[in-house]
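Everything below belongs to start-v3.cif, which stores mmCIF, C-alpha atoms.
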```cif
data_data
loop_
_atom_site.group_PDB
_atom_site.id
_atom_site.type_symbol
_atom_site.label_atom_id
_atom_site.label_comp_id
_atom_site.auth_asym_id
_atom_site.auth_seq_id
_atom_site.Cartn_x
_atom_site.Cartn_y
_atom_site.Cartn_z
ATOM 1 C CA MET Y 17 12.706 60.133 59.924
ATOM 2 C CA ASP Y 18 13.841 60.729 56.362
ATOM 3 C CA SER Y 19 11.927 60.006 53.207
ATOM 4 C CA MET Y 20 11.644 56.246 53.548
ATOM 5 C CA PHE Y 21 8.477 54.719 52.154
ATOM 6 C CA ALA Y 22 6.541 51.864 53.740
ATOM 7 C CA LEU Y 23 3.556 49.843 52.558
ATOM 8 C CA ILE Y 24 1.591 46.927 53.944
ATOM 9 C CA ASN Y 25 -0.311 44.775 51.466
ATOM 10 C CA ARG Y 26 -2.908 42.215 52.477
ATOM 11 C CA LEU Y 27 -3.720 39.712 49.753
ATOM 12 C CA THR Y 28 -6.425 37.050 49.839
ATOM 13 C CA ALA Y 29 -5.835 33.970 47.728
ATOM 14 C CA LYS Y 30 -8.556 31.703 46.442
ATOM 15 C CA PRO Y 31 -8.911 28.652 48.703
ATOM 16 C CA GLY Y 32 -5.943 26.336 48.211
ATOM 17 C CA LYS Y 33 -3.999 28.857 46.128
ATOM 18 C CA ARG Y 34 -2.025 30.669 48.819
ATOM 19 C CA ALA Y 35 1.182 28.654 48.452
ATOM 20 C CA GLU Y 36 1.215 29.330 44.725
ATOM 21 C CA VAL Y 37 0.711 33.071 45.223
ATOM 22 C CA VAL Y 38 3.497 33.098 47.819
ATOM 23 C CA ARG Y 39 5.842 31.391 45.357
ATOM 24 C CA ILE Y 40 5.090 33.991 42.690
ATOM 25 C CA LEU Y 41 5.591 36.851 45.151
ATOM 26 C CA LEU Y 42 8.947 35.460 46.242
ATOM 27 C CA GLU Y 43 10.071 34.826 42.688
ATOM 28 C CA SER Y 44 9.058 38.308 41.532
ATOM 29 C CA GLY Y 45 10.787 39.814 44.571
ATOM 30 C CA GLU Y 46 14.132 38.209 43.847
ATOM 31 C CA ARG Y 47 14.962 41.198 41.686
ATOM 32 C CA PHE Y 48 14.760 43.447 44.767
ATOM 33 C CA GLY Y 49 17.617 41.557 46.439
ATOM 34 C CA GLY Y 50 20.206 43.508 44.539
ATOM 35 C CA ASP Y 51 18.342 46.821 44.641
ATOM 36 C CA PRO Y 52 19.788 49.065 47.374
ATOM 37 C CA ALA Y 53 16.572 51.115 47.342
ATOM 38 C CA CYS Y 54 14.661 48.135 48.719
ATOM 39 C CA LEU Y 55 15.233 47.903 52.474
ATOM 40 C CA LEU Y 56 12.599 45.267 53.199
ATOM 41 C CA TYR Y 57 10.335 43.026 51.143
ATOM 42 C CA LEU Y 58 8.810 40.537 53.504
ATOM 43 C CA VAL Y 59 6.255 37.958 52.368
ATOM 44 C CA SER Y 60 4.359 36.159 55.142
ATOM 45 C CA GLU Y 61 1.408 33.867 55.557
ATOM 46 C CA ASP Y 62 -1.265 34.897 58.044
ATOM 47 C CA ALA Y 63 -1.170 32.316 60.826
ATOM 48 C CA ALA Y 64 -4.889 32.686 61.544
ATOM 49 C CA ASP Y 65 -6.394 32.853 58.045
ATOM 50 C CA SER Y 66 -5.285 30.177 55.590
ATOM 51 C CA ASP Y 67 -6.011 32.340 52.530
ATOM 52 C CA VAL Y 68 -4.276 35.559 53.583
ATOM 53 C CA ILE Y 69 -0.799 36.785 52.648
ATOM 54 C CA TRP Y 70 0.914 39.901 53.969
ATOM 55 C CA VAL Y 71 3.607 41.725 52.012
ATOM 56 C CA GLN Y 72 5.581 44.393 53.836
ATOM 57 C CA ASP Y 73 7.641 46.857 51.809
ATOM 58 C CA LEU Y 74 10.206 49.396 52.987
ATOM 59 C CA TRP Y 75 12.009 51.514 50.414
ATOM 60 C CA THR Y 76 14.422 54.407 50.534
ATOM 61 C CA SER Y 77 11.780 56.643 48.940
ATOM 62 C CA GLU Y 78 8.346 56.548 47.358
ATOM 63 C CA GLU Y 79 9.937 57.438 44.023
ATOM 64 C CA GLU Y 80 12.349 54.484 44.154
ATOM 65 C CA HIS Y 81 9.456 52.158 44.956
ATOM 66 C CA ALA Y 82 7.355 53.492 42.099
ATOM 67 C CA ALA Y 83 10.306 53.171 39.719
ATOM 68 C CA ALA Y 84 10.906 49.550 40.747
ATOM 69 C CA LEU Y 85 7.284 48.675 40.002
ATOM 70 C CA THR Y 86 7.495 49.979 36.456
ATOM 71 C CA ALA Y 87 9.916 47.202 35.443
ATOM 72 C CA PRO Y 88 8.231 45.364 32.557
ATOM 73 C CA GLU Y 89 9.659 42.099 33.935
ATOM 74 C CA LEU Y 90 7.121 42.329 36.788
ATOM 75 C CA ARG Y 91 4.098 42.278 34.501
ATOM 76 C CA PRO Y 92 3.970 38.483 33.958
ATOM 77 C CA TYR Y 93 4.070 37.919 37.716
ATOM 78 C CA ILE Y 94 1.114 40.222 38.219
ATOM 79 C CA GLU Y 95 -0.791 38.485 35.437
ATOM 80 C CA ARG Y 96 -0.121 35.089 37.011
ATOM 81 C CA THR Y 97 -1.197 36.310 40.446
ATOM 82 C CA LEU Y 98 -4.476 38.043 39.661
ATOM 83 C CA PRO Y 99 -6.528 34.920 38.751
ATOM 84 C CA LEU Y 100 -5.341 33.255 41.974
ATOM 85 C CA LEU Y 101 -6.760 35.978 44.208
ATOM 86 C CA GLY Y 102 -10.130 35.602 45.893
ATOM 87 C CA GLY Y 103 -10.616 39.212 46.847
ATOM 88 C CA VAL Y 104 -9.387 42.701 46.173
ATOM 89 C CA PRO Y 105 -5.923 43.302 47.666
ATOM 90 C CA VAL Y 106 -5.838 45.837 50.488
ATOM 91 C CA GLN Y 107 -2.960 48.272 50.442
ATOM 92 C CA VAL Y 108 -2.314 50.197 53.634
ATOM 93 C CA GLN Y 109 -0.635 53.522 52.972
ATOM 94 C CA LEU Y 110 1.662 54.464 55.820
ATOM 95 C CA ARG Y 111 3.394 57.576 57.032
ATOM 96 C CA ILE Y 112 6.505 56.410 58.840
ATOM 97 C CA ALA Y 113 6.866 57.965 62.280
ATOM 98 C CA GLY Y 114 10.149 56.277 63.235
ATOM 99 C CA GLY Y 115 11.645 53.274 64.934
ATOM 100 C CA LYS Y 116 14.453 50.916 64.074
ATOM 101 C CA THR Y 117 15.061 50.137 60.416
ATOM 102 C CA PRO Y 118 17.910 48.720 58.327
ATOM 103 C CA ARG Y 119 19.028 52.351 57.993
ATOM 104 C CA SER Y 120 19.072 53.085 61.716
ATOM 105 C CA MET U 25 13.882 31.258 55.648
ATOM 106 C CA ASP U 26 15.351 30.794 59.125
ATOM 107 C CA SER U 27 13.654 31.333 62.426
ATOM 108 C CA MET U 28 12.989 35.037 62.111
ATOM 109 C CA PHE U 29 9.798 36.267 63.747
ATOM 110 C CA ALA U 30 7.482 38.933 62.345
ATOM 111 C CA LEU U 31 4.427 40.659 63.748
ATOM 112 C CA ILE U 32 2.086 43.374 62.539
ATOM 113 C CA ASN U 33 0.206 45.351 65.172
ATOM 114 C CA ARG U 34 -2.692 47.655 64.377
ATOM 115 C CA LEU U 35 -3.515 50.085 67.180
ATOM 116 C CA THR U 36 -6.451 52.474 67.295
ATOM 117 C CA ALA U 37 -5.994 55.603 69.377
ATOM 118 C CA LYS U 38 -8.808 57.620 70.876
ATOM 119 C CA PRO U 39 -9.624 60.612 68.647
ATOM 120 C CA GLY U 40 -6.858 63.203 68.920
ATOM 121 C CA LYS U 41 -4.527 60.881 70.829
ATOM 122 C CA ARG U 42 -2.608 59.246 67.998
ATOM 123 C CA ALA U 43 0.407 61.557 68.108
ATOM 124 C CA GLU U 44 0.799 60.912 71.826
ATOM 125 C CA VAL U 45 0.609 57.138 71.342
ATOM 126 C CA VAL U 46 3.181 57.352 68.544
ATOM 127 C CA ARG U 47 5.537 59.287 70.827
ATOM 128 C CA ILE U 48 5.239 56.648 73.532
ATOM 129 C CA LEU U 49 5.815 53.825 71.032
ATOM 130 C CA LEU U 50 8.924 55.526 69.676
ATOM 131 C CA GLU U 51 10.263 56.272 73.146
ATOM 132 C CA SER U 52 9.674 52.732 74.353
ATOM 133 C CA GLY U 53 11.281 51.376 71.187
ATOM 134 C CA GLU U 54 14.520 53.266 71.658
ATOM 135 C CA ARG U 55 15.770 50.360 73.734
ATOM 136 C CA PHE U 56 15.547 48.115 70.660
ATOM 137 C CA GLY U 57 18.084 50.266 68.783
ATOM 138 C CA GLY U 58 20.989 48.550 70.484
ATOM 139 C CA ASP U 59 19.436 45.093 70.501
ATOM 140 C CA PRO U 60 20.858 42.994 67.662
ATOM 141 C CA ALA U 61 17.868 40.641 67.936
ATOM 142 C CA CYS U 62 15.580 43.430 66.717
ATOM 143 C CA LEU U 63 15.840 43.690 62.928
ATOM 144 C CA LEU U 64 12.920 46.061 62.422
ATOM 145 C CA TYR U 65 10.626 48.087 64.661
ATOM 146 C CA LEU U 66 8.691 50.421 62.427
ATOM 147 C CA VAL U 67 6.009 52.757 63.776
ATOM 148 C CA SER U 68 3.742 54.356 61.163
ATOM 149 C CA GLU U 69 0.567 56.354 60.990
ATOM 150 C CA ASP U 70 -2.189 55.067 58.714
ATOM 151 C CA ALA U 71 -2.543 57.643 55.943
ATOM 152 C CA ALA U 72 -6.261 56.933 55.520
ATOM 153 C CA ASP U 73 -7.469 56.636 59.135
ATOM 154 C CA SER U 74 -6.429 59.404 61.506
ATOM 155 C CA ASP U 75 -6.686 57.206 64.600
ATOM 156 C CA VAL U 76 -4.766 54.156 63.403
ATOM 157 C CA ILE U 77 -1.124 53.261 64.062
ATOM 158 C CA TRP U 78 0.759 50.316 62.598
ATOM 159 C CA VAL U 79 3.754 48.758 64.336
ATOM 160 C CA GLN U 80 5.819 46.281 62.349
ATOM 161 C CA ASP U 81 8.261 44.027 64.181
ATOM 162 C CA LEU U 82 10.939 41.734 62.808
ATOM 163 C CA TRP U 83 13.134 39.805 65.225
ATOM 164 C CA THR U 84 15.797 37.148 64.916
ATOM 165 C CA SER U 85 13.498 34.679 66.703
ATOM 166 C CA GLU U 86 10.217 34.475 68.545
ATOM 167 C CA GLU U 87 12.132 33.744 71.752
ATOM 168 C CA GLU U 88 14.246 36.904 71.433
ATOM 169 C CA HIS U 89 11.098 38.954 70.857
ATOM 170 C CA ALA U 90 9.356 37.437 73.872
ATOM 171 C CA ALA U 91 12.440 38.039 76.004
ATOM 172 C CA ALA U 92 12.617 41.699 74.952
ATOM 173 C CA LEU U 93 8.991 42.232 75.978
ATOM 174 C CA THR U 94 9.606 40.966 79.508
ATOM 175 C CA ALA U 95 11.831 43.959 80.314
ATOM 176 C CA PRO U 96 10.237 45.649 83.336
ATOM 177 C CA GLU U 97 11.220 49.031 81.861
ATOM 178 C CA LEU U 98 8.499 48.550 79.226
ATOM 179 C CA ARG U 99 5.674 48.319 81.744
ATOM 180 C CA PRO U 100 5.237 52.085 82.306
ATOM 181 C CA TYR U 101 4.979 52.658 78.550
ATOM 182 C CA ILE U 102 2.227 50.069 78.278
ATOM 183 C CA GLU U 103 0.391 51.635 81.201
ATOM 184 C CA ARG U 104 0.611 55.071 79.602
ATOM 185 C CA THR U 105 -0.623 53.744 76.262
ATOM 186 C CA LEU U 106 -3.646 51.709 77.295
ATOM 187 C CA PRO U 107 -5.897 54.626 78.359
ATOM 188 C CA LEU U 108 -5.130 56.388 75.065
ATOM 189 C CA LEU U 109 -6.461 53.532 72.942
ATOM 190 C CA GLY U 110 -9.967 53.576 71.534
ATOM 191 C CA GLY U 111 -10.192 49.939 70.611
ATOM 192 C CA VAL U 112 -8.587 46.582 71.181
ATOM 193 C CA PRO U 113 -5.216 46.309 69.399
ATOM 194 C CA VAL U 114 -5.118 43.793 66.581
ATOM 195 C CA GLN U 115 -2.037 41.626 66.384
ATOM 196 C CA VAL U 116 -1.457 39.757 63.144
ATOM 197 C CA GLN U 117 0.568 36.611 63.658
ATOM 198 C CA LEU U 118 2.714 35.871 60.636
ATOM 199 C CA ARG U 119 4.643 32.930 59.278
ATOM 200 C CA ILE U 120 7.488 34.364 57.235
ATOM 201 C CA ALA U 121 7.716 32.865 53.764
ATOM 202 C CA GLY U 122 10.732 34.841 52.558
ATOM 203 C CA GLY U 123 11.800 37.966 50.769
ATOM 204 C CA LYS U 124 14.443 40.583 51.423
ATOM 205 C CA THR U 125 15.257 41.413 55.020
ATOM 206 C CA PRO U 126 18.104 43.114 56.889
ATOM 207 C CA ARG U 127 19.580 39.616 57.120
ATOM 208 C CA SER U 128 19.410 38.862 53.409
#
```
Would you write out, as structure tokens, the structure that this file holds?
Amino acid sequence: MDSMFALINRLTAKPGKRAEVVRILLESGERFGGDPACLLYLVSEDAADSDVIWVQDLWTSEEEHAAALTAPELRPYIERTLPLLGGVPVQVQLRIAGGKTPRS
Amino acid sequence: MDSMFALINRLTAKPGKRAEVVRILLESGERFGGDPACLLYLVSEDAADSDVIWVQDLWTSEEEHAAALTAPELRPYIERTLPLLGGVPVQVQLRIAGGKTPRS
């Protein structure tokens, strides 16, 4: 498969703060809606753990993803999120093998 | 967001068997290419753990996903995969909150 870039992020909110973190993640991600380099930005709640949030990213390239994250407009969202987290976020680095994607 | 259904699967292959498991997953997933209910089926290798595979699924509904898995043609792939696994697969059940998807 071509140079697409995928990431899975697992965030843990402080007890009772998950809904607020989800709102911030969705609001900050609105800017990706019009970005053709962003193929997927999926925010989900873990059905089994009431504090856990999963964010799945798929981008046309690692460079496009890195460039999107440098937008200064994202900084306030990050600053609002950090005090609501109860643990260190886990970022799973992936090497895409293939499958069906929005580009297939 | 509507009734879309998302899953994250984390598989652990026996040492040295990951590439073979990935091949089987990609081959078995070819049938999803023509299935409009499948919005994403992404098979990736974990960059940090040489035995781990991540499979990310996004479907138009939980029912469509369940229906796709009942195809008898999938059974041989499952039977070929199981002896190559070194641990019990972990399936993360998600409740989609929103974001950008192939349907956005």
Given all atoms listed in the file, how would the per-residue table for chain Y near chain U read, listing every residue at most 9 Å away with its closest atom pair and distance in Å to one decimal, sorted by chain and number, as CSV?
```
residue,atom,partner,partner_atom,distance
Y:Ala22,CA,U:Ser68,CA,8.3
Y:Val38,CA,U:Ala121,CA,7.3
Y:Arg39,CA,U:Ala121,CA,8.7
Y:Leu41,CA,U:Gly123,CA,8.4
Y:Leu42,CA,U:Gly123,CA,5.9
Y:Glu43,CA,U:Gly123,CA,8.8
Y:Gly45,CA,U:Gly123,CA,6.5
Y:Glu46,CA,U:Gly123,CA,7.3
Y:Phe48,CA,U:Lys124,CA,7.3
Y:Gly49,CA,U:Lys124,CA,6.0
Y:Cys54,CA,U:Lys124,CA,8.0
Y:Leu55,CA,U:Thr125,CA,7.0
Y:Leu56,CA,U:Thr125,CA,5.0
Y:Tyr57,CA,U:Lys124,CA,4.8
Y:Leu58,CA,U:Gly123,CA,4.8
Y:Val59,CA,U:Gly122,CA,5.5
Y:Ser60,CA,U:Ile120,CA,4.2
Y:Glu61,CA,U:Arg119,CA,5.0
Y:Asp62,CA,U:Leu118,CA,4.8
Y:Ala63,CA,U:Leu118,CA,5.3
Y:Ala64,CA,U:Gln117,CA,7.0
Y:Ile69,CA,U:Leu118,CA,8.8
Y:Trp70,CA,U:Leu118,CA,8.0
Y:Gln72,CA,U:Gln80,CA,8.7
Y:Val108,CA,U:Asp70,CA,7.0
Y:Gln109,CA,U:Ala71,CA,5.4
Y:Leu110,CA,U:Asp70,CA,4.9
Y:Arg111,CA,U:Glu69,CA,5.0
Y:Ile112,CA,U:Ser68,CA,4.2
Y:Ala113,CA,U:Ser68,CA,4.9
Y:Gly114,CA,U:Val67,CA,5.5
Y:Gly115,CA,U:Leu66,CA,4.8
Y:Lys116,CA,U:Tyr65,CA,4.8
Y:Thr117,CA,U:Leu64,CA,5.0
Y:Pro118,CA,U:Pro126,CA,5.8
Y:Ser120,CA,U:Gly57,CA,7.7
```
Notebook entry, point to check: Which neighbours of Pro39 in chain U fall inside 10 Å, counting all atoms listed in the file, when residues of the same chain fewer than 2 positions from it are skipped, and could you give them as a PyMOL selection string?
Noted result: chain U and resi 36-37+41-42+74-76+108-110
Margin query: Quick check, in Å to one decimal: how far apart do CA of Ala90 in chain U and CA of Pro107 in chain U lie?
Written below: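 Between CA of Ala90 in chain U and CA of Pro107 in chain U the gap works out to 23.4 Å.
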Note to self: Just want the 10 Å neighbourhood of Ala92 in chain U, counted on all atoms listed in the file, with same-chain residues fewer than 2 positions away dropped. Output as a list of chain:residue names.
What the structure shows: U:Arg55, U:Phe56, U:Asp59, U:Ala61, U:Cys62, U:Trp83, U:Glu86, U:Glu87, U:Glu88, U:His89, U:Ala90, U:Thr94, U:Ala95, U:Pro96, U:Leu98
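From CA of Met20 in chain Y back to CA of Val106 in chain Y, the distance works out to 20.6 Å.
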Kindly list the centre and edge lengths in Å, rounded to one decimal, for the axis-aligned box that covers all listed atoms of range 89-107 of chain Y plus 4 Å on each of its six sides, as lines of an AutoDock Vina configuration file.
```
center_x = -0.5
center_y = 40.8
center_z = 42.2
size_x = 28.3
size_y = 23.0
size_z = 24.6
```
Next item on the list: Would you mind reading off the distance between CA of Ala83 in chain Y and CA of Arg26 in chain Y, one decimal, in Å?
Entry: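 Distance reported for this atom pair: 21.4 Å.
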Notebook entry, point to check: Pick the closest to Thr97 in chain Y from Y:Leu27, Y:Gly32, Y:Ile40, Y:Ser19: which is it, counting only C-alpha atoms?
Noted result: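 For Thr97 in chain Y, the nearest of the candidates is Y:Ile40.
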